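Read the structure below first, then the notes.
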Amino acid sequence: MSKRLEGKVALITGGTTGIGAATVARLTEEGAKVWFTGSKEEAAAVLCVETGAVFRKLRVQDSAGWPGLIDEIIAAEGHLDIVFANAGTESGDASIEDVGIEGWDNVVSVNQTGVMLTVQNAIKGMKRNPEGPRGSIIINSSMNATRPLGNYVTYSVTKAAVCALAKSAAVHCGQQGYAIRVNAILPGVVETPLIQQIMNSQPDPAAARAMYEGMAPMKRMAQLNEVAGLVAYLSSDEAGFISGAEYAIDGATTAGMMGV
Amino acid sequence: MELSAQRLKGRVAFVSGGLRGIGLACAERFLAEGAEVVLSDLDAADSDTAREVMGKLGQAASYISANVAKEEDWERAVALVKERHGKCHILVNNAGIDLTGPVETLSLEGWRRIMSINTDGVFLGTKHFVPLMAASGADFHGGASIINVSSIMGLVGMNEVSAYNASKGAVRLFTKGIAIEFAQKKMPIRANSLHPGFVETPLLKAGFQRWVDQGFAEKPDDLVAGVVGMTPIGRLAQPSELAAAAFFLASEDSSYMTGGELVIDGGYTAQ
């Protein structure tokens, strides 16, 4: 077993399903003690049994809830080394013409304000580490940060916003002399339970699958463990000089045009 | 999923510019992860440097003296890898030189030389290794991996670095082009570019010494302090930190990453 994260403590938001859950499992396998948040308590309970991770219910946009969670982790573990700002939503989103103010506010509150609060509280927690301010923060953005979707305006806008947030936080931490790194990952279409559900609910699920697979030059979707592998790398000390970066993981989707 | 300690066991890697700096660090890391490595550089096989490095790297490593700008040298390199290993799963196009100065003072000869090594070298290495890598890629999930060493200078410009900027910018987009090409043809090869910031390598030291000789600074340490001051993390990178990224791109963990650019610059281009 490669145990690059032995002795480290990680916090993952939105950890109950999809990329978050795969990352809970992967960081645990590499030796980290993992805490995760989310809203699906049943799924969380199963994951806790499978991995030994700790679940706390928290809505990332709830600014009042954050200090208590960070205090609890530091009290229990003594330190906080890795934070994966993964929680996200597209609930209520639509095109620029159709999006309502409630839908817009909901997506902004989770994807943008929630990520800001996650990073802000992560830094506060990491500053309390016994060896001084040190840690790795990873933000889950999307390829839609650079290739926005017409029918999901808020999602696209918030995913672009958090790339700038990652860079601003990275520059700030460096200038303050903190050994805290902040990076963004930009996944393409990932075969999450949500995407599977969307495909299966179409009149022709096979056609829907072919459409998603056809978006990447690699002609397939990313698997959950592939995204978790990138998060594990960026979490580890091996990535010690990587900060303020945006890493695409999209099977060449945003690399260019397919041509004829 | 079982994570083994030697995650490149059974793989064969070729690293150009392998006797020093980032290339040497890549060779060391791949060997530590269980791969067999062939490295090339300009030094003669019986030179002191080549002997010393190869002695340290051990039995799983072999060396070929080759110039990345010469097509016949790549033909020899591929022939050697075929004969010795029969396969190739990882190619690191790392060899590179620098060239600095005001654009109006650069000679066409100097421009062509940096292009021939930094850009032609990446093209020729890719061209000649692709058939063998296409045949070897199905051995492992995630396929074969081409890692082209560009630079932050392939992303952003810098004063009096125009020729180096051009050569490294070309590597960035060449990599995206081949990534799409391989993916569309369902060839089991991924291609990504690495973008190091300022790394503590012999190339950096030699470049800074040249600037000192030209009167830009009193001593190399002043120039180091200058670039460290421009880097948010506040230090130079170590070659091993670039090798860790190359290892990630070589391993199964990066199986969905192709056409990507991995920036390892301590926040330099985030500003």
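Residues in the structure tokens are numbered from 1 in each chain, the chains being A, B, ... in the order shown, and ligands are numbered from 1 in the order shown.
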Would you kindly report the residues of chain A within 7 Å of chain B, using only C-alpha atoms, as a tab-separated table (two decimals) with N, CA and C atoms, in the first residue's frame?
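Contents of selection.tsv, as written:
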chain	number	residue	atom	x	y	z
A	1	MET	N	0.84	-1.20	0.00
A	1	MET	CA	0.00	0.00	0.00
A	1	MET	C	0.87	1.25	0.00
A	2	SER	N	0.54	2.16	-0.88
A	2	SER	CA	1.21	3.45	-0.85
A	2	SER	C	0.47	4.33	0.16
A	167	LYS	N	-6.78	31.02	-6.77
A	167	LYS	CA	-5.55	31.75	-7.07
A	167	LYS	C	-5.33	32.87	-6.06
A	170	ALA	N	-4.23	31.36	-2.86
A	170	ALA	CA	-2.87	30.81	-2.98
A	170	ALA	C	-1.83	31.92	-2.87
A	171	VAL	N	-2.10	33.02	-3.57
A	171	VAL	CA	-1.16	34.14	-3.55
A	171	VAL	C	-1.10	34.73	-2.13
A	174	GLY	N	0.84	32.39	0.23
A	174	GLY	CA	2.27	32.46	-0.04
A	174	GLY	C	2.87	33.73	0.52
A	175	GLN	N	2.19	34.84	0.27
A	175	GLN	CA	2.73	36.13	0.72
A	175	GLN	C	2.75	36.26	2.23
A	217	PRO	N	-12.56	13.84	-26.30
A	217	PRO	CA	-11.80	13.09	-27.31
A	217	PRO	C	-11.47	11.66	-26.88
A	218	MET	N	-11.33	11.42	-25.58
A	218	MET	CA	-11.07	10.06	-25.12
A	218	MET	C	-12.30	9.15	-25.23
A	222	ALA	N	-15.06	10.37	-17.18
A	222	ALA	CA	-14.10	10.07	-16.11
A	222	ALA	C	-14.76	9.16	-15.08
A	226	GLU	N	-10.70	8.17	-10.64
A	226	GLU	CA	-9.69	8.94	-11.37
A	226	GLU	C	-9.61	10.37	-10.83
A	229	GLY	N	-7.95	10.22	-7.45
A	229	GLY	CA	-6.50	10.06	-7.56
A	229	GLY	C	-5.79	11.40	-7.71
A	230	LEU	N	-6.40	12.31	-8.45
A	230	LEU	CA	-5.81	13.65	-8.60
A	230	LEU	C	-5.88	14.42	-7.27
A	238	GLU	N	3.97	15.39	-2.06
A	238	GLU	CA	4.59	15.31	-3.39
A	238	GLU	C	4.27	16.53	-4.23
A	239	ALA	N	3.13	17.16	-3.93
A	239	ALA	CA	2.69	18.32	-4.70
A	239	ALA	C	3.11	19.63	-4.02
A	240	GLY	N	4.21	19.57	-3.25
A	240	GLY	CA	4.61	20.67	-2.38
A	240	GLY	C	4.86	22.02	-3.05
A	241	PHE	N	5.13	22.05	-4.36
A	241	PHE	CA	5.38	23.34	-5.04
A	241	PHE	C	4.18	23.75	-5.90
A	242	ILE	N	3.09	23.00	-5.82
A	242	ILE	CA	1.92	23.30	-6.65
A	242	ILE	C	0.95	24.14	-5.84
A	243	SER	N	0.77	25.37	-6.28
A	243	SER	CA	-0.20	26.25	-5.61
A	243	SER	C	-0.70	27.27	-6.61
A	244	GLY	N	-1.98	27.61	-6.52
A	244	GLY	CA	-2.57	28.57	-7.45
A	244	GLY	C	-2.82	28.02	-8.84
A	245	ALA	N	-2.79	26.69	-8.97
A	245	ALA	CA	-2.92	26.07	-10.30
A	245	ALA	C	-4.34	25.59	-10.56
A	247	TYR	N	-6.00	22.40	-12.52
A	247	TYR	CA	-5.70	21.16	-13.23
A	247	TYR	C	-6.96	20.59	-13.90
A	248	ALA	N	-6.93	20.57	-15.24
A	248	ALA	CA	-8.03	19.94	-15.98
A	248	ALA	C	-7.90	18.42	-15.86
A	249	ILE	N	-9.05	17.74	-15.71
A	249	ILE	CA	-9.06	16.28	-15.75
A	249	ILE	C	-10.28	15.91	-16.58
A	250	ASP	N	-10.09	15.99	-17.91
A	250	ASP	CA	-11.26	15.99	-18.80
A	250	ASP	C	-11.06	15.20	-20.09
A	251	GLY	N	-10.07	14.30	-20.11
A	251	GLY	CA	-9.89	13.48	-21.30
A	251	GLY	C	-9.73	14.29	-22.58
A	252	ALA	N	-9.07	15.45	-22.44
A	252	ALA	CA	-8.73	16.37	-23.55
A	252	ALA	C	-9.92	17.20	-24.04
A	255	ALA	N	-8.89	20.73	-24.39
A	255	ALA	CA	-7.58	20.95	-25.01
A	255	ALA	C	-7.70	21.61	-26.37
A	256	GLY	N	-8.82	21.43	-27.04
A	256	GLY	CA	-8.97	22.04	-28.35
A	256	GLY	C	-10.14	21.44	-29.11
A	258	MET	N	-11.99	19.03	-32.01
A	258	MET	CA	-11.78	17.66	-32.48
A	258	MET	C	-11.35	17.62	-33.94
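Nearest to Gly15 in chain A of all the residues A:Ala94, A:Ala206, A:Leu47, A:Ala32 is A:Leu47, counting only C-alpha atoms.
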(request) Quick one: pick out all strand (DSSP E or B) residues within range 95-177 of chain A from a backbone DSSP run and write them as a ChimeraX atom specification. (result) /A:134-140
Selected residues, C-alpha atoms, written as a PDB file, in the first residue's frame, please.
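Below is the file out-v8.pdb, written as the result:
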ATOM      1  CA  ARG A 134       0.563  24.232   6.736  1.00  0.00           C
ATOM      2  CA  GLY A 135      -1.782  22.277   4.518  1.00  0.00           C
ATOM      3  CA  SER A 136      -3.346  21.643   1.113  1.00  0.00           C
ATOM      4  CA  ILE A 137      -6.712  22.975  -0.033  1.00  0.00           C
ATOM      5  CA  ILE A 138      -8.298  21.659  -3.222  1.00  0.00           C
ATOM      6  CA  ILE A 139     -11.371  23.231  -4.812  1.00  0.00           C
ATOM      7  CA  ASN A 140     -13.579  21.172  -7.093  1.00  0.00           C
TER       8      ASN A 140
END
(request) Do a neighbour search on Pro130 in chain A at 9 Å with only C-alpha atoms, toss out local chain neighbours closer than 3 positions, and write the hits as an MDAnalysis selection string. (result) chainID A and resid 78:79 127 133
(request) Just the residues within 12 Å of Thr51 in chain A, please, counting only C-alpha atoms, with nothing from its chain fewer than 4 positions along; format it as an NGL selection string. (result) :A and (16 or 21-36 or 44-47 or 55)
(message) Taking the DSSP secondary structure from the backbone, can you list the residues of range 130-185 of chain A that are helix (DSSP H, G or I), as a PyMOL selection string?
(response) chain A and resi 143-145+153-175
Go ahead and write the residues just picked, C-alpha atoms, as a PDB file, in the first residue's frame.
ATOM      1  CA  MET A 143     -14.403  22.317 -17.086  1.00  0.00           C
ATOM      2  CA  ASN A 144     -17.454  24.584 -17.334  1.00  0.00           C
ATOM      3  CA  ALA A 145     -15.330  27.273 -15.669  1.00  0.00           C
ATOM      4  CA  VAL A 153     -25.543  29.911 -16.219  1.00  0.00           C
ATOM      5  CA  THR A 154     -25.120  30.061 -12.438  1.00  0.00           C
ATOM      6  CA  TYR A 155     -23.214  26.798 -12.212  1.00  0.00           C
ATOM      7  CA  SER A 156     -20.796  27.957 -14.925  1.00  0.00           C
ATOM      8  CA  VAL A 157     -20.306  31.389 -13.354  1.00  0.00           C
ATOM      9  CA  THR A 158     -19.657  29.991  -9.870  1.00  0.00           C
ATOM     10  CA  LYS A 159     -17.197  27.401 -11.166  1.00  0.00           C
ATOM     11  CA  ALA A 160     -15.205  30.178 -12.868  1.00  0.00           C
ATOM     12  CA  ALA A 161     -15.390  32.293  -9.714  1.00  0.00           C
ATOM     13  CA  VAL A 162     -13.830  29.624  -7.522  1.00  0.00           C
ATOM     14  CA  CYS A 163     -10.830  29.335  -9.867  1.00  0.00           C
ATOM     15  CA  ALA A 164     -10.062  32.979  -9.138  1.00  0.00           C
ATOM     16  CA  LEU A 165     -10.736  32.318  -5.471  1.00  0.00           C
ATOM     17  CA  ALA A 166      -8.171  29.495  -5.481  1.00  0.00           C
ATOM     18  CA  LYS A 167      -5.554  31.751  -7.075  1.00  0.00           C
ATOM     19  CA  SER A 168      -6.262  34.688  -4.782  1.00  0.00           C
ATOM     20  CA  ALA A 169      -6.068  32.473  -1.693  1.00  0.00           C
ATOM     21  CA  ALA A 170      -2.875  30.808  -2.978  1.00  0.00           C
ATOM     22  CA  VAL A 171      -1.159  34.141  -3.546  1.00  0.00           C
ATOM     23  CA  HIS A 172      -2.327  35.423  -0.149  1.00  0.00           C
ATOM     24  CA  CYS A 173      -1.089  32.339   1.713  1.00  0.00           C
ATOM     25  CA  GLY A 174       2.275  32.463  -0.042  1.00  0.00           C
ATOM     26  CA  GLN A 175       2.730  36.132   0.715  1.00  0.00           C
TER      27      GLN A 175
END
(request) Would you mind listing what lies within 9 Å of Ala77 in chain B as a ChimeraX atom specification, with only C-alpha atoms counted and same-chain residues fewer than 4 positions away left out? (result) /B:14,38,40,64-66,72-73,81-82,128
Restricting the output to C-alpha atoms, write the selected residues as an mmCIF file, in the first residue's frame.
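That gives us again.cif:
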data_model
loop_
_atom_site.group_PDB
_atom_site.id
_atom_site.type_symbol
_atom_site.label_atom_id
_atom_site.label_comp_id
_atom_site.auth_asym_id
_atom_site.auth_seq_id
_atom_site.Cartn_x
_atom_site.Cartn_y
_atom_site.Cartn_z
ATOM 1 C CA PHE B 14 12.535 6.944 -21.748
ATOM 2 C CA VAL B 38 16.485 4.444 -20.527
ATOM 3 C CA SER B 40 19.599 10.076 -23.012
ATOM 4 C CA ILE B 64 22.336 6.381 -24.719
ATOM 5 C CA SER B 65 24.245 9.426 -25.871
ATOM 6 C CA ALA B 66 21.858 11.206 -28.220
ATOM 7 C CA GLU B 72 18.857 9.689 -36.597
ATOM 8 C CA ASP B 73 19.625 9.822 -32.870
ATOM 9 C CA VAL B 81 14.635 0.565 -26.267
ATOM 10 C CA LYS B 82 13.039 -2.010 -28.599
ATOM 11 C CA HIS B 128 9.616 8.145 -33.216
#
(message) I'd like the contact shell of Ala206 in chain B - 12 Å cut-off, only C-alpha atoms, skipping same-chain residues fewer than 2 positions apart - returned as a list in words.
(response) Gly21, Ile97, Asp98, Leu99, Thr100, Glu200, Thr201, Pro202, Leu203, Leu204, Phe208, Gln209, Arg210, Trp211, Val212, Asp213, Pro220, Leu223 and Val224 of chain B
(request) Write out as an MDAnalysis selection string each polymer residue whose atoms come within 7 Å of Thr37 in chain A, counting only C-alpha atoms; drop sequence neighbours fewer than 3 positions from it. (result) chainID A and resid 12:15 55:58
(message) If I take CA of Gly34 in chain B and CA of Leu8 in chain B, how far is one from the other in Å, to one decimal?
(response)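 Computing the Euclidean distance for CA of Gly34 in chain B and CA of Leu8 in chain B yields 5.2 Å.
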(request) Can you work out the spacing between CA of Glu83 in chain B and CA of Leu132 in chain B in Å, to one decimal? (result)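 The value is 11.6 Å.
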